[in-house]
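Novice: My structure is stored as model27.pdb, with PDB, C-alpha atoms.
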ATOM      1  CA  MET A 284       0.000   0.000   0.000
ATOM      2  CA  ARG A 285       2.909   2.355   0.693
ATOM      3  CA  MET A 286       4.315   3.138  -2.737
ATOM      4  CA  TRP A 287       7.230   5.541  -2.530
ATOM      5  CA  GLY A 288       7.607   6.843  -6.100
ATOM      6  CA  CYS A 289      10.048   9.466  -7.352
ATOM      7  CA  LEU A 290       9.285  12.790  -5.635
ATOM      8  CA  LEU A 291      11.001  16.145  -5.851
ATOM      9  CA  VAL A 292      11.279  16.591  -2.111
ATOM     10  CA  ALA A 293      12.096  13.594   0.047
ATOM     11  CA  LEU A 294      10.938  14.619   3.506
ATOM     12  CA  ALA A 295      14.120  15.474   5.435
ATOM     13  CA  LEU A 296      16.468  15.077   2.440
ATOM     14  CA  ALA A 297      17.734  18.423   1.228
ATOM     15  CA  VAL A 298      18.133  17.247  -2.347
ATOM     16  CA  THR A 299      16.407  17.689  -5.667
ATOM     17  CA  GLY A 300      15.378  14.897  -7.987
ATOM     18  CA  CYS A 301      14.750  11.239  -7.407
ATOM     19  CA  VAL A 302      15.986   9.130  -4.493
ATOM     20  CA  ASN A 303      15.424   5.426  -4.328
ATOM     21  CA  ASN A 304      13.345   3.670  -1.688
ATOM     22  CA  GLU A 305      16.258   2.389   0.362
ATOM     23  CA  GLU A 306      18.044   5.753   0.480
ATOM     24  CA  ARG A 307      14.834   7.550   1.471
ATOM     25  CA  GLU A 308      14.077   5.087   4.256
ATOM     26  CA  ARG A 309      17.594   5.275   5.716
ATOM     27  CA  ALA A 310      17.564   9.088   5.638
ATOM     28  CA  ASN A 311      14.196   9.445   7.355
ATOM     29  CA  GLN A 312      14.210   6.527   9.748
ATOM     30  CA  VAL A 313      13.883   7.174  13.456
ATOM     31  CA  THR A 314      16.210   4.772  15.250
ATOM     32  CA  PRO A 315      14.422   2.343  17.592
ATOM     33  CA  ILE A 316      15.260   2.797  21.263
ATOM     34  CA  ASP A 317      16.122   0.081  23.779
ATOM     35  CA  VAL A 318      15.329   1.550  27.195
ATOM     36  CA  ASP A 319      17.068   0.501  30.385
ATOM     37  CA  VAL A 320      14.566  -1.527  32.401
ATOM     38  CA  GLN A 321      14.771  -4.780  34.348
ATOM     39  CA  LYS A 322      12.378  -7.554  35.279
ATOM     40  CA  VAL A 323      10.071  -6.603  38.151
ATOM     41  CA  PRO A 324       9.372  -9.878  40.013
ATOM     42  CA  GLN A 325       6.111  -8.818  41.667
ATOM     43  CA  ILE A 326       4.658  -7.833  38.288
ATOM     44  CA  ALA A 327       6.131 -10.822  36.444
ATOM     45  CA  ALA A 328       4.436 -13.103  38.980
ATOM     46  CA  LEU A 329       1.075 -12.130  37.448
ATOM     47  CA  VAL A 330       1.944 -13.672  34.066
ATOM     48  CA  PRO A 331      -0.102 -16.835  33.418
ATOM     49  CA  PRO A 332       2.024 -19.898  34.294
ATOM     50  CA  GLU A 333       1.652 -21.411  30.829
ATOM     51  CA  ILE A 334       3.221 -18.288  29.321
ATOM     52  CA  ALA A 335       5.843 -17.840  32.040
ATOM     53  CA  ARG A 336       7.081 -21.411  31.507
ATOM     54  CA  THR A 337       7.881 -20.715  27.851
ATOM     55  CA  GLY A 338       9.635 -17.426  28.606
ATOM     56  CA  ARG A 339       8.093 -16.022  25.433
ATOM     57  CA  LEU A 340       5.334 -13.554  24.600
ATOM     58  CA  VAL A 341       3.900 -14.313  21.151
ATOM     59  CA  ILE A 342       2.524 -11.158  19.534
ATOM     60  CA  GLY A 343       0.450 -10.870  16.359
ATOM     61  CA  VAL A 344       1.122  -7.678  14.411
ATOM     62  CA  ASN A 345       0.080  -6.201  11.078
ATOM     63  CA  VAL A 346       2.432  -3.947   9.108
ATOM     64  CA  PRO A 347       2.994  -1.358   7.764
ATOM     65  CA  TYR A 348       1.618   1.457   9.898
ATOM     66  CA  GLN A 349       4.341   4.024  10.538
ATOM     67  CA  PRO A 350       5.438   4.935  13.130
ATOM     68  CA  ASN A 351       3.726   2.303  15.268
ATOM     69  CA  GLU A 352       4.497  -0.950  13.479
ATOM     70  CA  PHE A 353       6.476  -1.281  10.258
ATOM     71  CA  LYS A 354       9.536  -2.960   8.799
ATOM     72  CA  GLY A 355      12.946  -1.363   8.966
ATOM     73  CA  PRO A 356      15.553  -1.536   6.178
ATOM     74  CA  ASP A 357      16.759  -4.911   7.467
ATOM     75  CA  GLY A 358      13.254  -6.409   7.421
ATOM     76  CA  ARG A 359      12.746  -6.418  11.195
ATOM     77  CA  ILE A 360       9.436  -5.195  12.574
ATOM     78  CA  ILE A 361      10.104  -1.938  14.411
ATOM     79  CA  GLY A 362       8.194   1.103  15.637
ATOM     80  CA  TYR A 363       6.826   2.890  18.675
ATOM     81  CA  ASP A 364       4.561  -0.011  19.631
ATOM     82  CA  VAL A 365       7.456  -2.437  19.283
ATOM     83  CA  ASP A 366       9.791  -0.415  21.493
ATOM     84  CA  LEU A 367       7.111  -0.083  24.157
ATOM     85  CA  MET A 368       6.176  -3.765  23.981
ATOM     86  CA  ASN A 369       9.865  -4.728  24.237
ATOM     87  CA  ALA A 370      10.081  -2.711  27.457
ATOM     88  CA  VAL A 371       6.881  -4.285  28.828
ATOM     89  CA  ALA A 372       8.285  -7.730  28.064
ATOM     90  CA  LYS A 373      11.449  -6.882  29.991
ATOM     91  CA  VAL A 374       9.380  -5.944  33.048
ATOM     92  CA  LEU A 375       7.567  -9.288  32.729
ATOM     93  CA  GLY A 376      10.770 -11.261  32.229
ATOM     94  CA  LEU A 377       9.659 -12.477  28.799
ATOM     95  CA  THR A 378      11.104 -12.450  25.276
ATOM     96  CA  PRO A 379       8.731 -10.902  22.704
ATOM     97  CA  VAL A 380       8.188 -12.884  19.503
ATOM     98  CA  TYR A 381       6.532 -10.868  16.735
ATOM     99  CA  GLN A 382       4.531 -12.715  14.110
ATOM    100  CA  GLU A 383       3.229 -10.845  11.079
ATOM    101  CA  SER A 384      -0.471 -11.344  10.442
ATOM    102  CA  GLN A 385      -3.445  -9.984   8.546
ATOM    103  CA  PHE A 386      -5.143  -7.277  10.604
ATOM    104  CA  ASP A 387      -8.571  -8.908  10.674
ATOM    105  CA  THR A 388      -7.200 -12.254  11.876
ATOM    106  CA  ILE A 389      -5.312 -10.942  14.911
ATOM    107  CA  ILE A 390      -8.179 -10.711  17.417
ATOM    108  CA  PRO A 391      -9.596 -14.151  16.461
ATOM    109  CA  SER A 392      -6.070 -15.558  16.817
ATOM    110  CA  VAL A 393      -5.771 -14.018  20.296
ATOM    111  CA  GLN A 394      -9.107 -15.591  21.205
ATOM    112  CA  ALA A 395      -7.878 -18.962  19.928
ATOM    113  CA  GLY A 396      -4.587 -18.714  21.808
ATOM    114  CA  THR A 397      -2.386 -18.592  18.704
ATOM    115  CA  TYR A 398      -1.119 -15.198  19.871
ATOM    116  CA  GLN A 399      -0.942 -14.094  23.475
ATOM    117  CA  VAL A 400      -1.132 -10.436  22.444
ATOM    118  CA  GLY A 401      -2.554  -8.530  19.499
ATOM    119  CA  MET A 402      -0.538  -5.383  18.749
ATOM    120  CA  SER A 403      -1.634  -3.429  15.694
ATOM    121  CA  SER A 404      -2.661   0.090  16.755
ATOM    122  CA  PHE A 405      -6.046  -1.268  17.822
ATOM    123  CA  THR A 406      -8.564   1.293  18.964
ATOM    124  CA  ASP A 407     -10.127   0.004  22.187
ATOM    125  CA  THR A 408     -13.858  -0.089  21.448
ATOM    126  CA  LEU A 409     -16.863  -1.424  23.355
ATOM    127  CA  GLU A 410     -17.602  -3.818  20.494
ATOM    128  CA  ARG A 411     -14.079  -5.255  20.497
ATOM    129  CA  GLU A 412     -14.150  -5.581  24.283
ATOM    130  CA  LYS A 413     -16.813  -8.253  23.828
ATOM    131  CA  GLN A 414     -14.129 -10.406  22.193
ATOM    132  CA  VAL A 415     -10.904  -9.559  24.022
ATOM    133  CA  ASP A 416      -9.566  -7.432  26.855
ATOM    134  CA  PHE A 417      -7.487  -4.360  26.065
ATOM    135  CA  VAL A 418      -4.570  -2.821  27.943
ATOM    136  CA  THR A 419      -4.485   0.878  27.054
ATOM    137  CA  TYR A 420      -1.194   2.667  26.369
ATOM    138  CA  TYR A 421      -1.843   5.695  24.132
ATOM    139  CA  SER A 422      -4.519   8.156  23.043
ATOM    140  CA  ALA A 423      -4.824   8.603  19.279
ATOM    141  CA  GLY A 424      -7.056  10.910  17.292
ATOM    142  CA  VAL A 425      -6.982  12.914  14.082
ATOM    143  CA  GLN A 426      -4.303  15.582  13.637
ATOM    144  CA  TRP A 427      -3.820  18.049  10.793
ATOM    145  CA  ALA A 428      -0.501  19.577   9.748
ATOM    146  CA  GLN A 429       0.486  22.540   7.597
ATOM    147  CA  ALA A 430       3.662  24.080   6.244
ATOM    148  CA  ALA A 431       5.716  25.613   9.041
ATOM    149  CA  ASP A 432       6.358  28.811   7.078
ATOM    150  CA  SER A 433       2.696  29.438   6.228
ATOM    151  CA  ASP A 434       1.382  32.861   7.284
ATOM    152  CA  GLU A 435      -2.106  31.454   7.805
ATOM    153  CA  ASP A 436      -3.166  29.187  10.661
ATOM    154  CA  ILE A 437      -5.272  26.385   9.188
ATOM    155  CA  ASP A 438      -8.321  25.487  11.301
ATOM    156  CA  PRO A 439      -9.561  21.903  10.722
ATOM    157  CA  SER A 440     -13.040  22.921  11.867
ATOM    158  CA  ASN A 441     -13.160  25.829   9.383
ATOM    159  CA  ALA A 442     -11.308  24.644   6.289
ATOM    160  CA  CYS A 443     -13.887  25.249   3.567
ATOM    161  CA  GLY A 444     -12.186  25.809   0.214
ATOM    162  CA  LYS A 445      -8.825  24.476   1.396
ATOM    163  CA  ARG A 446      -6.865  21.755  -0.386
ATOM    164  CA  VAL A 447      -6.294  18.933   2.097
ATOM    165  CA  ALA A 448      -4.171  15.850   1.403
ATOM    166  CA  VAL A 449      -5.105  12.415   2.742
ATOM    167  CA  GLN A 450      -3.971   8.853   2.227
ATOM    168  CA  THR A 451      -6.525   6.889   0.252
ATOM    169  CA  THR A 452      -8.944   4.560   2.122
ATOM    170  CA  THR A 453      -8.041   5.990   5.532
ATOM    171  CA  TYR A 454     -10.685   7.299   7.947
ATOM    172  CA  GLU A 455      -9.678  10.808   6.924
ATOM    173  CA  ASP A 456     -10.385   9.967   3.276
ATOM    174  CA  THR A 457     -13.626   8.033   3.720
ATOM    175  CA  ASP A 458     -15.259   9.799   6.679
ATOM    176  CA  GLU A 459     -13.642  12.872   8.157
ATOM    177  CA  ILE A 460     -12.998  15.100   5.134
ATOM    178  CA  PRO A 461     -16.233  14.151   3.288
ATOM    179  CA  ALA A 462     -18.248  15.038   6.415
ATOM    180  CA  LYS A 463     -16.476  18.371   6.829
ATOM    181  CA  SER A 464     -16.861  19.119   3.134
ATOM    182  CA  ALA A 465     -20.598  18.360   3.267
ATOM    183  CA  GLU A 466     -20.961  20.830   6.148
ATOM    184  CA  CYS A 467     -19.268  23.483   4.027
ATOM    185  CA  LYS A 468     -21.652  22.919   1.127
ATOM    186  CA  ALA A 469     -24.641  22.964   3.489
ATOM    187  CA  LYS A 470     -23.535  26.451   4.575
ATOM    188  CA  GLY A 471     -23.218  27.612   0.983
ATOM    189  CA  LEU A 472     -19.422  27.654   1.172
ATOM    190  CA  GLU A 473     -16.819  26.039  -1.052
ATOM    191  CA  PRO A 474     -16.254  22.371  -0.221
ATOM    192  CA  ILE A 475     -12.884  21.099   0.944
ATOM    193  CA  ASP A 476     -10.767  20.015  -2.010
ATOM    194  CA  LYS A 477      -9.682  16.535  -0.904
ATOM    195  CA  VAL A 478      -6.454  15.418  -2.593
ATOM    196  CA  LYS A 479      -5.798  11.680  -2.289
ATOM    197  CA  PHE A 480      -2.472   9.868  -2.460
ATOM    198  CA  ASP A 481      -1.592   6.179  -2.359
ATOM    199  CA  SER A 482       0.954   6.574   0.436
ATOM    200  CA  GLN A 483       1.369   8.783   3.471
ATOM    201  CA  ASP A 484       4.825   9.793   2.275
ATOM    202  CA  GLU A 485       3.281  11.276  -0.865
ATOM    203  CA  VAL A 486       0.806  13.166   1.336
ATOM    204  CA  VAL A 487       3.661  14.695   3.328
ATOM    205  CA  ASN A 488       5.664  15.595   0.247
ATOM    206  CA  ALA A 489       2.651  17.275  -1.368
ATOM    207  CA  LEU A 490       2.349  19.497   1.694
ATOM    208  CA  ILE A 491       6.069  20.308   1.732
ATOM    209  CA  LEU A 492       5.926  21.211  -1.968
ATOM    210  CA  GLY A 493       2.955  23.527  -1.397
ATOM    211  CA  ARG A 494       0.576  21.517  -3.578
ATOM    212  CA  VAL A 495      -1.950  21.434  -0.711
ATOM    213  CA  ASP A 496      -2.778  23.679   2.225
ATOM    214  CA  ALA A 497      -2.854  20.953   4.865
ATOM    215  CA  MET A 498      -2.849  17.207   5.487
ATOM    216  CA  SER A 499      -5.012  15.076   7.756
ATOM    217  CA  ALA A 500      -3.968  11.756   9.311
ATOM    218  CA  ASP A 501      -4.082   9.783  12.554
ATOM    219  CA  SER A 502      -2.316  11.767  15.271
ATOM    220  CA  PRO A 503       0.713   9.433  15.648
ATOM    221  CA  VAL A 504       1.209   9.445  11.876
ATOM    222  CA  THR A 505       1.111  13.239  11.718
ATOM    223  CA  ALA A 506       3.395  13.623  14.730
ATOM    224  CA  TYR A 507       5.902  11.269  13.118
ATOM    225  CA  ALA A 508       5.790  13.236   9.861
ATOM    226  CA  ILE A 509       6.411  16.494  11.722
ATOM    227  CA  LYS A 510       9.371  14.957  13.554
ATOM    228  CA  ARG A 511      10.934  13.573  10.369
ATOM    229  CA  THR A 512      10.694  16.749   8.292
ATOM    230  CA  ASN A 513      13.125  18.868  10.301
ATOM    231  CA  GLY A 514      10.940  21.917  10.865
ATOM    232  CA  LYS A 515       9.171  21.935   7.498
ATOM    233  CA  LEU A 516       5.754  21.118   9.032
ATOM    234  CA  ARG A 517       3.825  22.147  12.121
ATOM    235  CA  PRO A 518       0.522  21.038  13.676
ATOM    236  CA  ALA A 519      -2.666  22.686  12.437
ATOM    237  CA  GLY A 520      -5.103  22.797  15.329
ATOM    238  CA  GLU A 521      -5.397  20.300  18.151
ATOM    239  CA  VAL A 522      -5.847  16.527  18.088
ATOM    240  CA  PHE A 523      -9.559  15.652  17.923
ATOM    241  CA  ASP A 524     -11.799  12.568  18.015
ATOM    242  CA  SER A 525      -9.351  10.868  20.382
ATOM    243  CA  ALA A 526      -9.740   7.274  21.567
ATOM    244  CA  PRO A 527      -7.415   4.860  23.384
ATOM    245  CA  TYR A 528      -5.078   2.449  21.661
ATOM    246  CA  GLY A 529      -4.945  -0.931  23.391
ATOM    247  CA  TRP A 530      -3.103  -4.248  23.242
ATOM    248  CA  ALA A 531      -5.535  -7.147  22.880
ATOM    249  CA  VAL A 532      -5.279 -10.180  25.188
ATOM    250  CA  ARG A 533      -7.518 -13.175  25.747
ATOM    251  CA  LYS A 534     -10.702 -12.335  27.661
ATOM    252  CA  GLY A 535     -10.273 -12.841  31.400
ATOM    253  CA  SER A 536      -6.563 -13.737  31.205
ATOM    254  CA  SER A 537      -4.288 -12.620  34.040
ATOM    255  CA  LEU A 538      -1.950 -11.420  31.300
ATOM    256  CA  ALA A 539      -4.064  -8.246  31.084
ATOM    257  CA  PRO A 540      -3.350  -7.054  34.654
ATOM    258  CA  ALA A 541       0.290  -8.144  34.266
ATOM    259  CA  MET A 542       0.711  -6.006  31.156
ATOM    260  CA  GLN A 543      -1.295  -3.128  32.625
ATOM    261  CA  LYS A 544       0.965  -3.005  35.674
ATOM    262  CA  ALA A 545       4.049  -3.329  33.473
ATOM    263  CA  VAL A 546       3.158  -0.392  31.249
ATOM    264  CA  GLN A 547       2.114   1.633  34.301
ATOM    265  CA  TYR A 548       5.535   0.891  35.794
ATOM    266  CA  LEU A 549       7.128   2.323  32.640
ATOM    267  CA  MET A 550       4.874   5.372  32.834
ATOM    268  CA  ASP A 551       5.759   5.990  36.471
ATOM    269  CA  ASN A 552       9.506   5.552  35.970
ATOM    270  CA  GLY A 553      10.114   7.568  32.807
ATOM    271  CA  GLN A 554      10.798   4.892  30.193
ATOM    272  CA  TYR A 555       7.359   5.339  28.606
ATOM    273  CA  GLU A 556       8.002   9.033  27.994
ATOM    274  CA  GLU A 557      11.504   8.266  26.725
ATOM    275  CA  ILE A 558      10.112   5.908  24.090
ATOM    276  CA  ALA A 559       7.315   8.279  23.040
ATOM    277  CA  ALA A 560       9.746  11.205  22.732
ATOM    278  CA  ASN A 561      12.085   9.153  20.549
ATOM    279  CA  TRP A 562       9.273   8.728  18.016
ATOM    280  CA  GLY A 563       7.866  12.265  18.444
ATOM    281  CA  LEU A 564       4.620  10.956  19.949
ATOM    282  CA  GLN A 565       4.402  12.856  23.250
ATOM    283  CA  GLU A 566       1.070  14.418  22.248
ATOM    284  CA  GLY A 567      -0.861  11.186  22.815
ATOM    285  CA  MET A 568       0.829  10.025  26.001
ATOM    286  CA  ILE A 569      -1.461   8.971  28.847
ATOM    287  CA  ASP A 570      -0.783   8.954  32.581
ATOM    288  CA  VAL A 571      -2.736   5.859  33.558
ATOM    289  CA  SER A 572      -3.071   2.529  31.752
ATOM    290  CA  VAL A 573      -6.357   0.692  32.291
ATOM    291  CA  ILE A 574      -7.945  -2.547  31.230
ATOM    292  CA  ASN A 575     -10.825  -1.905  28.835
ATOM    293  CA  GLY A 576     -10.957   1.862  28.589
ATOM    294  CA  ALA A 577     -13.233   2.182  25.544
ATOM    295  CA  VAL A 578     -15.225   5.399  25.227
ATOM    296  CA  SER A 579     -17.575   4.147  22.516
TER     297      SER A 579
END
Show this structure as structure tokens.

Specialist:
Amino acid sequence: MRMWGCLLVALALAVTGCVNNEERERANQVTPIDVDVQKVPQIAALVPPEIARTGRLVIGVNVPYQPNEFKGPDGRIIGYDVDLMNAVAKVLGLTPVYQESQFDTIIPSVQAGTYQVGMSSFTDTLEREKQVDFVTYYSAGVQWAQAADSDEDIDPSNACGKRVAVQTTTYEDTDEIPAKSAECKAKGLEPIDKVKFDSQDEVVNALILGRVDAMSADSPVTAYAIKRTNGKLRPAGEVFDSAPYGWAVRKGSSLAPAMQKAVQYLMDNGQYEEIAANWGLQEGMIDVSVINGAVS
């Protein structure tokens, strides 16, 4: 789905012309972080015995979804979620084992016991909580961005007539921008000119090149783009329509409280913030992890 193409501006690369995929990825890649944290015996004791005996935590994950879960240049699955899960596993005294999977098969596989954890930027919803338990670790919403040197402050709630870039088939493409545009037309104003691209990287480059006035994406995606573009972009308005991200575990398993206490330990001792800051995702940090924190 993420097709790079030959673009004139390559995010943080101060060059003109065409750069190949591998060069672009190396230049713009945030380096994963391995935080200093040790096993906490009283938390590790909560891990179900059948998992503790193996010493492994098997995690189903769908890629790509930068910056949360995606493959690095060497083919390893990396990202914000991965760094945080690695730290949680350390607290639990377990070795994480990531297994790539189709998104729609992850929750059924957690229910069946194939995976102990589902980690794929899942929004914790009331409907999903009927199937699995969620351990919350982040708050994600929609975030717009604009060129840093623009004289005008773009307002996502008053963007009639603006050209706004989105990645095709995302929520922003199918729901958010069409709804906002319909409101504009209902008021007798110009609709939003939605400009679709196959990849998020093309969205970002269109904004840098001035082909659009703003872009709309999930808040972690936008924050990551802002971090990688070395001052070329800035947020446009606040994050809105926020909901918790959660890791999915089998319903009623003691793994849920074990993971909740592990991520809370990281929150209380600074490693959580260290990981979020490395990926430029401080905006969605939460103070308290809960089990099943759906808002809708």

Novice: Could you write out as a VMD selection string the residues that the PyMOL selection byres ((chain A and resi 330) around 10) matches in the shown file?

Specialist: chain A and resid 325 to 329 331 to 336 375 to 377 536 to 542

Novice: Excluding same-chain residues fewer than 3 positions from Lys445 (chain A), what lies within 7 Å of it counting all atoms listed in the file, as a list in words?

Specialist: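 Here the answer would be Ala442, Ile475, Asp476 and Asp496 of chain A.
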
Novice: May I have the residues within 9 Å of Thr397 (chain A) as a list in words, using only C-alpha atoms and disregarding those fewer than 2 positions away in the same chain?

Specialist: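 The filter keeps Val341, Ile342, Gly343, Pro391, Ser392, Val393, Gln394, Ala395 and Gln399 of chain A.
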
Novice: What's the 8 Å shell around region 544-550 of chain A, counting only C-alpha atoms, without same-chain residues fewer than 3 positions away, as a list in words?

Specialist: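 Non-adjacent residues within range: Ile326, Ala370, Val371, Val374, Leu375, Tyr420, Pro540, Ala541, Gly553, Gln554, Tyr555, Glu556, Asp570, Val571 and Ser572 of chain A.
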
Novice: Can you give me, as JSON, numbers by chain, the residues this file yields under the PyMOL selection byres ((chain A and resi 356-369) around 8)?

Specialist: {"A": [305, 308, 309, 315, 316, 317, 346, 349, 350, 351, 352, 353, 354, 355, 370, 371, 372, 373, 378, 379, 381, 402, 404, 555, 558, 559, 562]}

Novice: Quote the spacing between CA of Val418 (chain A) and CA of Val504 (chain A) in Å to one decimal place.

Specialist: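 That distance, rounded to one decimal, is 21.0 Å.
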
Novice: What is the CA of Ala531 (chain A) to CA of Val578 (chain A) distance in Å?

Specialist: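 We find that CA of Ala531 (chain A) and CA of Val578 (chain A) lie 16.0 Å from each other.
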
Novice: Check the smallest atom-to-atom distance from each of A:Val344, A:Cys443, A:Leu564, A:Leu490 to Lys468 (chain A) using all atoms listed in the file, then report the winner.

Specialist: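 For Lys468 (chain A), the nearest of the given residues is A:Cys443.
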
Novice: Please measure the separation of CA of Gly401 (chain A) and CA of Leu340 (chain A), giving the value in Å to one decimal.

Specialist: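 Answer for the CA of Gly401 (chain A) to CA of Leu340 (chain A) separation: 10.7 Å.
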
Novice: For Asn561 (chain A), which of A:Gln414, A:Ser440, A:Val318, A:Ser482 is the closest residue, counting all atoms listed in the file?

Specialist: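 Answer, going by the shortest atom-to-atom distance: A:Val318.
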